[in-house]
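Peer 1: Sharing input_18.cif (mmCIF, C-alpha atoms) below.
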data_work
loop_
_atom_site.label_atom_id
_atom_site.label_comp_id
_atom_site.auth_asym_id
_atom_site.auth_seq_id
_atom_site.Cartn_x
_atom_site.Cartn_y
_atom_site.Cartn_z
CA MET A 1 -32.23 37.67 151.13
CA SER A 2 -35.43 39.57 152.04
CA LEU A 3 -37.02 42.74 150.90
CA LYS A 4 -38.85 45.20 153.16
CA LEU A 5 -41.56 47.40 151.82
CA LEU A 6 -43.19 50.02 153.96
CA ASP A 7 -46.99 49.92 153.85
CA PRO A 8 -48.29 53.44 152.97
CA ASN A 9 -51.15 53.21 155.48
CA VAL A 10 -48.77 52.37 158.26
CA ARG A 11 -46.52 55.25 157.25
CA LYS A 12 -49.44 57.70 157.51
CA LYS A 13 -50.45 56.49 160.99
CA THR A 14 -46.86 56.80 162.23
CA ARG A 15 -46.72 60.40 161.12
CA GLU A 16 -50.02 61.19 162.89
CA ASN A 17 -48.86 59.61 166.15
CA SER A 18 -45.66 61.62 166.17
CA LEU A 19 -47.60 64.82 165.75
CA LEU A 20 -49.90 63.96 168.68
CA GLY A 21 -46.95 63.22 170.95
CA HIS A 22 -47.77 59.53 171.30
CA LYS A 23 -45.10 57.01 171.57
CA GLN A 24 -44.10 55.97 168.10
CA LYS A 25 -44.53 52.28 167.34
CA GLU A 26 -42.43 50.35 164.92
CA PRO A 27 -44.21 50.37 161.59
CA ASN A 28 -45.53 47.23 159.96
CA PHE A 29 -43.73 45.97 156.82
CA LEU A 30 -44.82 43.58 154.04
CA HIS A 31 -42.16 40.87 153.61
CA PHE A 32 -41.76 39.16 150.16
CA THR A 33 -39.17 36.45 149.64
CA HIS A 34 -37.73 35.10 146.37
CA CYS A 35 -40.11 32.13 146.56
CA ASP A 36 -43.07 34.51 146.70
CA PHE A 37 -42.06 36.17 143.39
CA THR A 38 -41.70 32.76 141.72
CA ALA A 39 -45.21 31.77 142.81
CA ILE A 40 -46.65 35.03 141.51
CA SER A 41 -44.95 34.50 138.14
CA CYS A 42 -46.32 30.97 137.87
CA ILE A 43 -49.82 32.20 138.67
CA SER A 44 -49.62 34.90 136.00
CA ILE A 45 -48.31 32.42 133.37
CA SER A 46 -51.05 29.92 134.10
CA LEU A 47 -53.62 32.68 133.97
CA ARG A 48 -52.30 33.81 130.59
CA LYS A 49 -52.41 30.24 129.25
CA SER A 50 -55.95 29.75 130.40
CA LEU A 51 -57.02 32.99 128.74
CA THR A 52 -55.29 31.98 125.52
CA MET A 53 -56.96 28.57 125.52
CA GLU A 54 -60.34 30.15 126.08
CA ALA A 55 -59.76 32.55 123.19
CA ASN A 56 -58.71 29.68 120.89
CA ASN A 57 -61.75 27.68 121.90
CA ASP A 58 -63.97 30.66 121.13
CA ILE A 59 -62.39 31.01 117.66
CA GLU A 60 -62.85 27.29 116.95
CA ASP A 61 -66.45 27.48 118.06
CA MET A 62 -67.04 30.44 115.77
CA GLU A 63 -65.44 28.64 112.81
CA GLU A 64 -67.53 25.51 113.44
CA GLU A 65 -70.62 27.63 113.70
CA GLU A 66 -69.82 29.42 110.43
CA GLU A 67 -69.13 26.10 108.68
CA PHE A 68 -72.35 24.64 109.99
CA GLY A 69 -74.23 27.76 108.92
CA PHE A 70 -72.75 27.52 105.39
CA SER A 71 -73.70 23.83 105.11
CA ARG A 72 -77.19 24.52 106.38
CA ASN A 73 -77.67 27.37 103.90
CA TYR A 74 -76.38 25.17 101.06
CA PHE A 75 -78.94 22.44 101.70
CA LEU A 76 -81.68 24.99 102.27
CA ALA A 77 -80.90 26.54 98.89
CA LYS A 78 -81.02 23.09 97.29
CA GLU A 79 -84.40 22.40 98.81
CA LEU A 80 -85.76 25.74 97.67
CA GLY A 81 -84.33 25.26 94.17
CA SER A 82 -85.77 21.78 93.76
CA SER A 83 -89.16 22.79 95.09
CA GLY A 84 -89.39 25.82 92.78
CA LYS A 85 -91.22 25.77 89.48
CA LYS A 86 -89.04 24.77 86.52
CA SER A 87 -89.11 26.63 83.26
CA THR A 88 -90.83 24.86 80.36
CA ARG A 89 -89.21 27.00 77.70
CA LYS A 90 -87.02 25.42 75.04
CA LEU A 91 -84.19 26.69 72.91
CA SER A 92 -86.15 25.87 69.78
CA GLU A 93 -88.80 28.41 70.77
CA ILE A 94 -86.40 31.34 70.35
CA ASN A 95 -87.17 33.42 67.28
CA LEU A 96 -83.99 33.42 65.22
CA VAL A 97 -83.33 35.55 62.18
CA ASP A 98 -82.74 34.14 58.73
CA GLU A 99 -79.11 33.18 58.08
CA GLN A 100 -78.82 35.12 54.81
CA GLU A 101 -80.20 38.23 56.47
CA LEU A 102 -77.75 37.91 59.34
CA ARG A 103 -74.79 37.37 57.01
CA ALA A 104 -75.81 40.41 54.95
CA ALA A 105 -75.92 42.52 58.09
CA ALA A 106 -72.52 41.21 59.18
CA SER A 107 -70.98 42.01 55.79
CA ASN A 108 -72.02 45.66 56.17
CA ILE A 109 -69.93 46.09 59.31
CA GLU A 110 -67.04 48.42 58.52
CA PRO A 111 -63.62 46.90 59.25
CA LYS A 112 -61.38 48.75 61.67
CA HIS A 113 -57.62 49.38 61.71
CA GLU A 114 -57.19 48.25 58.09
CA LYS A 115 -53.90 50.12 57.66
CA GLU A 116 -52.43 48.64 60.82
CA VAL A 117 -53.49 45.12 59.84
CA VAL A 118 -51.87 45.48 56.40
CA ALA A 119 -48.68 46.88 57.93
CA LEU A 120 -48.50 44.01 60.41
CA THR A 121 -48.99 41.42 57.67
CA ASN A 122 -46.32 43.04 55.50
CA SER A 123 -43.87 42.99 58.40
CA TYR A 124 -43.75 39.17 58.19
CA LYS A 125 -42.38 39.27 54.64
CA SER A 126 -38.86 39.54 56.03
CA LEU A 127 -39.27 35.95 57.30
CA TYR A 128 -40.05 34.47 53.87
CA SER A 129 -36.43 33.52 53.07
CA LYS A 130 -36.05 31.84 56.46
CA TRP A 131 -39.27 29.89 55.95
CA VAL A 132 -38.12 28.63 52.52
CA PHE A 133 -34.79 27.54 54.01
CA GLU A 134 -36.54 25.57 56.76
CA LEU A 135 -38.82 23.89 54.22
CA ARG A 136 -35.81 22.80 52.15
CA CYS A 137 -34.25 21.40 55.34
CA GLY A 138 -37.26 19.13 55.83
CA PHE A 139 -39.24 21.05 58.44
CA GLY A 140 -42.92 21.95 58.39
CA LEU A 141 -44.23 25.44 59.14
CA LEU A 142 -47.11 25.93 61.58
CA MET A 143 -48.59 29.43 61.86
CA TYR A 144 -50.65 30.40 64.90
CA GLY A 145 -51.95 33.62 66.42
CA PHE A 146 -55.10 35.72 66.45
CA GLY A 147 -56.52 36.67 63.09
CA SER A 148 -56.91 35.03 59.70
CA LYS A 149 -53.59 33.82 58.30
CA LYS A 150 -55.01 32.85 54.90
CA ALA A 151 -53.80 35.95 53.05
CA LEU A 152 -50.36 35.77 54.68
CA ILE A 153 -49.75 32.12 53.74
CA GLU A 154 -51.08 32.55 50.22
CA ASP A 155 -48.82 35.57 49.69
CA PHE A 156 -45.84 33.53 50.94
CA ALA A 157 -46.70 30.67 48.58
CA SER A 158 -47.24 32.91 45.55
CA THR A 159 -44.04 34.93 46.03
CA ALA A 160 -41.48 32.64 47.70
CA LEU A 161 -42.50 29.17 46.51
CA THR A 162 -42.65 29.82 42.76
CA ASP A 163 -40.02 27.11 42.10
CA TYR A 164 -42.13 24.39 43.72
CA SER A 165 -45.53 22.83 43.15
CA VAL A 166 -48.11 24.01 45.67
CA VAL A 167 -51.31 22.20 46.62
CA VAL A 168 -53.84 24.12 48.77
CA ILE A 169 -56.25 22.42 51.21
CA ASN A 170 -58.99 24.55 52.73
CA GLY A 171 -59.48 22.91 56.11
CA TYR A 172 -62.24 25.30 57.10
CA LEU A 173 -64.66 23.54 54.73
CA GLN A 174 -67.27 21.26 56.27
CA ALA A 175 -66.28 18.19 54.23
CA ILE A 176 -62.92 17.09 52.77
CA ASN A 177 -62.08 13.72 51.23
CA ILE A 178 -58.56 12.96 52.44
CA LYS A 179 -58.05 10.21 49.83
CA GLN A 180 -58.80 12.67 47.02
CA VAL A 181 -56.13 14.93 48.51
CA VAL A 182 -53.57 12.10 48.44
CA ILE A 183 -54.56 11.19 44.87
CA ALA A 184 -54.05 14.82 43.79
CA LEU A 185 -50.60 14.86 45.42
CA ALA A 186 -49.63 11.61 43.69
CA GLU A 187 -50.72 12.97 40.31
CA VAL A 188 -48.72 16.18 40.79
CA LEU A 189 -45.63 14.20 41.80
CA TRP A 190 -46.08 11.86 38.83
CA ASP A 191 -46.21 14.82 36.43
CA GLN A 192 -43.02 16.24 37.98
CA LEU A 193 -41.19 12.94 37.61
CA LYS A 194 -42.29 12.56 33.99
CA SER A 195 -41.21 16.08 33.02
CA LYS A 196 -37.89 15.78 34.85
CA ARG A 197 -36.95 12.43 33.31
CA ALA A 198 -38.10 13.51 29.86
CA THR A 199 -35.82 16.56 29.92
CA SER A 200 -32.81 14.81 31.49
CA SER A 201 -32.59 11.43 29.72
CA GLY A 202 -35.52 11.34 27.37
CA ASN A 203 -36.80 8.15 29.02
CA LEU A 204 -40.25 8.28 30.51
CA PRO A 205 -40.96 6.44 33.77
CA LYS A 206 -42.88 3.19 33.72
CA ALA A 207 -46.63 3.46 33.37
CA GLN A 208 -48.46 3.60 36.67
CA GLN A 209 -51.72 2.02 37.70
CA PRO A 210 -54.44 4.69 37.88
CA PHE A 211 -54.20 6.37 41.26
CA ASN A 212 -57.97 6.30 41.76
CA SER A 213 -57.90 2.51 42.05
CA GLN A 214 -54.97 2.36 44.50
CA SER A 215 -55.27 2.07 48.26
CA MET A 216 -54.10 4.70 50.72
CA ASP A 217 -51.07 2.61 51.66
CA ASP A 218 -50.00 2.31 48.02
CA LEU A 219 -50.45 6.04 47.46
CA LEU A 220 -48.43 6.93 50.55
CA ALA A 221 -45.73 4.44 49.51
CA PHE A 222 -45.53 6.14 46.10
CA LEU A 223 -45.19 9.59 47.71
CA ASN A 224 -42.40 8.26 49.92
CA GLY A 225 -40.85 5.98 47.29
CA SER A 226 -37.31 5.84 46.02
CA GLU A 227 -38.26 7.63 42.81
CA ALA A 228 -38.98 10.82 44.80
CA GLU A 229 -35.71 10.98 46.74
CA ASP A 230 -34.48 14.07 44.89
CA LYS A 231 -34.57 16.91 47.42
CA ASP A 232 -35.26 19.48 44.73
CA CYS A 233 -38.40 17.62 43.71
CA PHE A 234 -40.92 18.18 46.49
CA ILE A 235 -44.46 19.44 46.78
CA CYS A 236 -45.53 22.13 49.24
CA VAL A 237 -48.92 21.42 50.78
CA VAL A 238 -50.65 24.52 52.18
CA ILE A 239 -53.36 23.65 54.71
CA HIS A 240 -55.52 26.51 55.89
CA ASN A 241 -56.91 25.53 59.31
CA ILE A 242 -55.42 22.09 59.77
CA ASP A 243 -57.62 22.02 62.90
CA GLY A 244 -60.78 22.62 60.85
CA PRO A 245 -64.01 20.63 61.32
CA ALA A 246 -63.37 18.31 58.37
CA LEU A 247 -59.78 17.50 59.43
CA ARG A 248 -60.25 17.33 63.18
CA ASP A 249 -60.80 13.59 63.64
CA SER A 250 -57.89 11.38 64.68
CA GLU A 251 -57.90 9.22 61.52
CA THR A 252 -57.53 12.21 59.21
CA GLN A 253 -54.77 13.68 61.37
CA GLN A 254 -52.91 10.36 61.23
CA TYR A 255 -53.10 10.42 57.43
CA LEU A 256 -51.91 14.04 57.33
CA ALA A 257 -48.97 13.12 59.57
CA GLN A 258 -48.03 10.24 57.24
CA ILE A 259 -48.25 12.60 54.26
CA ALA A 260 -46.00 15.10 56.02
CA ALA A 261 -43.46 12.36 56.76
CA CYS A 262 -43.06 11.61 53.03
CA SER A 263 -39.71 12.67 51.62
CA CYS A 264 -41.21 14.75 48.81
CA ILE A 265 -43.84 16.62 50.87
CA ARG A 266 -43.51 19.83 52.90
CA ILE A 267 -46.41 21.19 54.98
CA VAL A 268 -47.30 24.83 55.61
CA ALA A 269 -50.34 24.98 57.89
CA SER A 270 -52.26 27.31 60.18
CA ILE A 271 -54.27 26.70 63.34
CA ASP A 272 -56.85 28.86 65.11
CA HIS A 273 -58.41 26.64 67.78
CA VAL A 274 -56.88 27.03 71.25
CA ASN A 275 -56.80 23.23 71.74
CA ALA A 276 -55.40 22.39 68.30
CA PRO A 277 -52.07 20.98 69.63
CA LEU A 278 -54.05 18.28 71.43
CA LEU A 279 -54.72 16.70 68.03
CA TRP A 280 -51.16 15.36 67.87
CA ASP A 281 -48.94 13.18 70.00
CA LYS A 282 -45.20 13.57 70.51
CA LYS A 283 -44.28 11.41 67.53
CA MET A 284 -46.53 13.32 65.16
CA VAL A 285 -45.22 16.73 66.27
CA HIS A 286 -41.47 16.04 66.36
CA THR A 287 -41.03 13.21 63.84
CA GLN A 288 -43.77 13.30 61.22
CA PHE A 289 -44.93 16.92 60.96
CA ASN A 290 -41.59 18.18 62.33
CA TRP A 291 -43.14 21.58 63.05
CA CYS A 292 -41.41 24.93 63.26
CA TRP A 293 -43.87 27.04 65.23
CA TYR A 294 -44.39 30.68 64.28
CA HIS A 295 -46.52 33.19 66.19
CA VAL A 296 -47.86 35.46 63.45
CA PRO A 297 -50.96 37.30 64.70
CA THR A 298 -52.53 39.30 61.90
CA PHE A 299 -55.77 40.52 63.56
CA ALA A 300 -57.40 40.16 60.14
CA PRO A 301 -61.11 39.19 60.12
CA TYR A 302 -62.09 35.60 59.32
CA LYS A 303 -64.25 36.59 56.36
CA VAL A 304 -63.68 33.57 54.13
CA GLU A 305 -63.37 31.02 56.93
CA GLY A 306 -66.48 32.30 58.69
CA MET A 307 -68.67 31.86 55.64
CA PHE A 308 -68.61 28.07 56.08
CA PHE A 309 -69.52 28.01 59.76
CA PRO A 310 -73.17 28.08 60.88
CA LEU A 311 -74.14 31.24 62.71
CA ILE A 312 -75.36 30.81 66.28
CA LEU A 313 -78.04 33.48 65.97
CA ALA A 314 -79.46 32.16 62.71
CA HIS A 315 -81.60 29.20 61.73
CA GLY A 316 -79.51 26.05 61.58
CA SER A 317 -78.44 24.75 58.20
CA THR A 318 -79.13 21.26 56.87
CA ALA A 319 -75.71 19.91 57.81
CA GLN A 320 -75.90 21.41 61.27
CA SER A 321 -79.37 19.95 61.88
CA ALA A 322 -78.23 16.50 60.77
CA LYS A 323 -75.14 16.69 62.95
CA THR A 324 -77.14 17.77 66.01
CA ALA A 325 -79.63 14.93 65.54
CA ALA A 326 -76.79 12.43 65.06
CA ILE A 327 -75.22 13.51 68.36
CA VAL A 328 -78.54 12.95 70.15
CA LEU A 329 -79.02 9.53 68.53
CA GLN A 330 -75.54 8.42 69.57
CA SER A 331 -76.58 8.78 73.20
CA LEU A 332 -79.49 6.34 72.71
CA THR A 333 -79.45 2.52 72.67
CA PRO A 334 -78.76 0.58 69.43
CA ASN A 335 -82.37 -0.65 69.35
CA ALA A 336 -83.65 2.92 69.64
CA GLN A 337 -81.38 3.96 66.76
CA SER A 338 -82.72 1.07 64.67
CA VAL A 339 -86.32 2.10 65.36
CA PHE A 340 -85.48 5.64 64.29
CA ARG A 341 -83.83 4.29 61.14
CA VAL A 342 -87.03 2.40 60.24
CA LEU A 343 -89.05 5.59 60.57
CA ALA A 344 -86.52 7.63 58.57
CA GLU A 345 -86.39 5.11 55.72
CA TYR A 346 -90.19 5.03 55.55
CA GLN A 347 -90.37 8.84 55.42
CA LEU A 348 -87.81 9.01 52.60
CA SER A 349 -89.59 6.32 50.59
CA HIS A 350 -93.04 7.90 51.11
CA PRO A 351 -92.40 11.66 50.77
CA ASP A 352 -96.02 12.45 49.91
CA GLU A 353 -97.54 10.85 53.00
CA GLU A 354 -98.17 12.71 56.25
CA GLY A 355 -96.17 10.23 58.29
CA MET A 356 -95.90 6.61 59.38
CA PRO A 357 -98.81 5.20 61.40
CA ILE A 358 -97.78 3.94 64.83
CA ASN A 359 -99.31 0.52 64.18
CA ASN A 360 -97.28 0.10 61.01
CA LEU A 361 -94.10 1.11 62.83
CA TYR A 362 -94.79 -1.42 65.58
CA THR A 363 -95.41 -4.19 63.02
CA VAL A 364 -92.13 -3.54 61.17
CA CYS A 365 -90.11 -3.26 64.38
CA ARG A 366 -91.66 -6.45 65.73
CA GLU A 367 -90.76 -8.32 62.54
CA ARG A 368 -87.14 -7.13 62.80
CA PHE A 369 -87.00 -8.10 66.51
CA LEU A 370 -86.30 -4.49 67.54
CA VAL A 371 -89.12 -4.35 70.12
CA SER A 372 -90.95 -7.07 72.04
CA SER A 373 -94.10 -5.13 72.94
CA GLN A 374 -95.99 -1.90 72.41
CA VAL A 375 -94.67 -0.67 75.77
CA THR A 376 -91.07 -0.94 74.55
CA LEU A 377 -91.89 0.97 71.37
CA ASN A 378 -93.66 3.68 73.37
CA SER A 379 -90.59 4.13 75.58
CA HIS A 380 -88.43 4.67 72.48
CA LEU A 381 -90.95 7.11 71.02
CA THR A 382 -91.02 9.03 74.31
CA GLU A 383 -87.25 9.47 74.09
CA PHE A 384 -87.54 10.66 70.50
CA LYS A 385 -90.25 13.17 71.39
CA ASP A 386 -88.35 14.47 74.43
CA HIS A 387 -85.37 15.24 72.18
CA GLU A 388 -87.70 16.62 69.45
CA LEU A 389 -86.45 14.03 66.94
CA VAL A 390 -89.96 12.78 66.20
CA LYS A 391 -93.34 14.54 66.20
CA THR A 392 -96.93 13.36 65.91
CA ARG A 393 -99.74 14.63 63.71
CA ARG A 394 -103.23 13.43 62.86
CA HIS A 395 -103.71 11.60 59.56
CA SER A 396 -106.71 12.34 57.36
CA ASP A 397 -108.28 9.01 58.37
CA GLY A 398 -107.93 9.81 62.08
CA GLN A 399 -104.77 7.79 62.83
CA ASP A 400 -101.81 9.23 64.71
CA CYS A 401 -98.78 9.37 62.42
CA LEU A 402 -95.12 9.85 63.28
CA TYR A 403 -92.76 12.02 61.26
CA ILE A 404 -89.22 13.39 61.59
CA PRO A 405 -89.13 17.22 61.38
CA LEU A 406 -86.14 17.37 59.02
CA MET A 407 -85.80 18.20 55.35
CA THR A 408 -85.11 15.35 52.93
CA GLU A 409 -81.49 16.36 52.43
CA ALA A 410 -80.85 16.61 56.18
CA LEU A 411 -82.57 13.25 56.78
CA GLU A 412 -80.39 11.56 54.16
CA LYS A 413 -77.25 12.97 55.80
CA LEU A 414 -78.51 11.83 59.18
CA LEU A 415 -78.97 8.26 57.91
CA MET A 416 -75.44 8.32 56.53
CA GLU A 417 -74.16 9.47 59.92
CA ILE A 418 -75.89 6.75 61.94
CA ASN A 419 -75.08 4.02 59.40
CA GLN A 420 -71.32 4.61 59.70
#
Could I get this structure in the form of structure tokens?
Peer 2:
Amino acid sequence: MSLKLLDPNVRKKTRENSLLGHKQKEPNFLHFTHCDFTAISCISISLRKSLTMEANNDIEDMEEEEEFGFSRNYFLAKELGSSGKKSTRKLSEINLVDEQELRAAASNIEPKHEKEVVALTNSYKSLYSKWVFELRCGFGLLMYGFGSKKALIEDFASTALTDYSVVVINGYLQAINIKQVVIALAEVLWDQLKSKRATSSGNLPKAQQPFNSQSMDDLLAFLNGSEAEDKDCFICVVIHNIDGPALRDSETQQYLAQIAACSCIRIVASIDHVNAPLLWDKKMVHTQFNWCWYHVPTFAPYKVEGMFFPLILAHGSTAQSAKTAAIVLQSLTPNAQSVFRVLAEYQLSHPDEEGMPINNLYTVCRERFLVSSQVTLNSHLTEFKDHELVKTRRHSDGQDCLYIPLMTEALEKLLMEINQ
């Protein structure tokens, strides 16, 4: 099979020759076979592939160039940042307002949406009967959501739990003695058992050893003992902010979980910290606390709870200063902590003096084998000064004296912290 195509130029010349009367010649034709079309197709495909490969190579080159440019700019920025002048300003140089003045200004802020907040809190009253039923079934209630839940829980306890003894723990306080809490629970349970047996049979229970002298294990065993198996005889423990600063450590949470697991104890608690559930493991949540979770946002201000937290924009309190210094000391070596303890004890025992002379500090530390040379002591003092734990001032006789810029109360709390 062949295909004949007439060349246009040849066709034009043929027409001109016929008009001039010349003898017409057979026109020239371009002959293309099937093999020719196949070759043309192959050439076009290979050309397309080569163009595509070139385009891909160009894109890859551009990406590599962009990546290289980003890396180069990153290291250039690092070099410029490290070579620049660093700021010598410190956080302690900021002029902060007095805490009482700041709290007074905060108390003058007018609350907003008071009617809506009250209406929202009142809407949860329909759940009171359900909450009491779940407590009688052995569950604990955990309230979470934005806003203070103190008023809501106290209203629930005062209106729906009138038939039961209620013990309130304010977890938002800075310090709580968990053993005193357990002793108070044991005394309340003991009074219930005495009154119940006196009215039923007239026989009083056997005399108990004073609870103050008992260990935590004995107290927990009493709360979970066979004498308290009556389901109608239980104590409701209300814990505002079970994730509060004084209850946040793992040991206290373990004790609270053991208290909640006692047969005569029911827990009603609230949380406000976003990471509060991380305080408990699976056993504590499902077996000991046995929580029923309730989302009860109130949008009420944290007026009472906020009074016990140090304000960021105000001068730090004594407890906060001691805690901050304790955190810094924990990052230092044990020998450095011991050197600091020597200086703190000297300052507490000599309150009227301007500080401890460096030579005296070196002598005491050398006798206690805390330092081996003056160079070692100087390295510890440099660390203290860098962290602003220790400062130097000139004594009246010309010696350089070291002192800790903390009040006596804060220094005593700091010594208690580092001695634990």
Peer 1: Record the distance separating atom CA of A:Trp131 and atom CA of A:Val117, expressed in Å with one decimal.
Peer 2: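 Taking atom CA of A:Trp131 and atom CA of A:Val117, their separation equals 21.2 Å.
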Peer 1: Decode the PyMOL selection byres ((chain A and resi 349-365) around 10) for the given file into explicit residues and return them as JSON, numbers by chain.
Peer 2: {"A": [335, 338, 339, 340, 342, 343, 344, 345, 346, 347, 348, 366, 367, 368, 369, 370, 371, 372, 373, 374, 376, 377, 378, 381, 391, 392, 393, 394, 395, 396, 399, 400, 401, 402, 403, 404, 408]}
Peer 1: Closest to A:Gln174 among A:Met307, A:Ala325, A:Leu220, A:Ala106, using all atoms listed in the file?
Peer 2: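 Using all atoms listed in the file, the shortest distance to A:Gln174 belongs to A:Met307.
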Peer 1: By how many Å are atom CA of A:Leu415 and atom CA of A:Pro334 apart?
Peer 2: 13.8 Å
Peer 1: Extending 3 Å beyond the listed atoms of stretch 161-172 of chain A on each side, what axis-aligned box results? I want centre and edge lengths in Å to one decimal, as JSON.
Peer 2:
{"center_x": -51.1, "center_y": 26.0, "center_z": 49.6, "size_x": 28.2, "size_y": 13.6, "size_z": 21.0}
Peer 1: Please expand the PyMOL selection byres ((chain A and resi 270) around 6) into the concrete residues it hits in this file, giving the result as a ChimeraX atom specification.
Peer 2: /A:142-144,240-241,269,271
Peer 1: Using only C-alpha atoms, which of the listed residues (A:Cys262, A:Tyr255, A:Gly145, A:Asp249) sits closest to A:Ala221?
Peer 2: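 Going through A:Cys262, A:Tyr255, A:Gly145, A:Asp249 one by one, the smallest distance to A:Ala221 is for A:Cys262.
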Peer 1: Find the distance between atom CA of A:Leu411 and atom CA of A:Leu329 and write it in Å to one decimal.
Peer 2: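 Separating atom CA of A:Leu411 from atom CA of A:Leu329 is a distance of 12.8 Å.
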Peer 1: Nearest residue to A:Val182 out of A:Phe146, A:Phe222, A:Phe156, A:Phe133, using all atoms listed in the file?
Peer 2: A:Phe222
Peer 1: How would you write, as a list of chain:residue names, the residues chosen by the PyMOL selection byres ((chain A and resi 188) around 12) on this structure?
Peer 2: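 Those residues are A:Tyr164, A:Ser165, A:Val166, A:Val167, A:Val181, A:Val182, A:Ile183, A:Ala184, A:Leu185, A:Ala186, A:Glu187, A:Leu189, A:Trp190, A:Asp191, A:Gln192, A:Leu193, A:Lys194, A:Ser195, A:Phe211, A:Phe222, A:Leu223, A:Ala228, A:Cys233, A:Phe234, A:Ile235, A:Cys236, A:Val237, A:Cys264, A:Ile265.
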Peer 1: Which residues are near A:Thr298? Cut-off 9 Å, all atoms listed in the file, ignore same chain within fewer than 2 positions. Put them as a list in words.
Peer 2: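 Counting only the stated atoms, we get Val117, Val118, Leu120, Thr121, Gly145, Phe146, Gly147, Ser148, Lys149, Leu152, Val296, Ala300 and Pro301 of chain A.
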Peer 1: Using the selection just defined, write its residues with C-alpha atoms as a PDB file, keeping the file's coordinate frame.
Peer 2:
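Heads up, here's the output in part_38.pdb:
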ATOM      1  CA  VAL A 117     -53.490  45.120  59.840  1.00  0.00           C
ATOM      2  CA  VAL A 118     -51.870  45.480  56.400  1.00  0.00           C
ATOM      3  CA  LEU A 120     -48.500  44.010  60.410  1.00  0.00           C
ATOM      4  CA  THR A 121     -48.990  41.420  57.670  1.00  0.00           C
ATOM      5  CA  GLY A 145     -51.950  33.620  66.420  1.00  0.00           C
ATOM      6  CA  PHE A 146     -55.100  35.720  66.450  1.00  0.00           C
ATOM      7  CA  GLY A 147     -56.520  36.670  63.090  1.00  0.00           C
ATOM      8  CA  SER A 148     -56.910  35.030  59.700  1.00  0.00           C
ATOM      9  CA  LYS A 149     -53.590  33.820  58.300  1.00  0.00           C
ATOM     10  CA  LEU A 152     -50.360  35.770  54.680  1.00  0.00           C
ATOM     11  CA  VAL A 296     -47.860  35.460  63.450  1.00  0.00           C
ATOM     12  CA  ALA A 300     -57.400  40.160  60.140  1.00  0.00           C
ATOM     13  CA  PRO A 301     -61.110  39.190  60.120  1.00  0.00           C
TER      14      PRO A 301
END
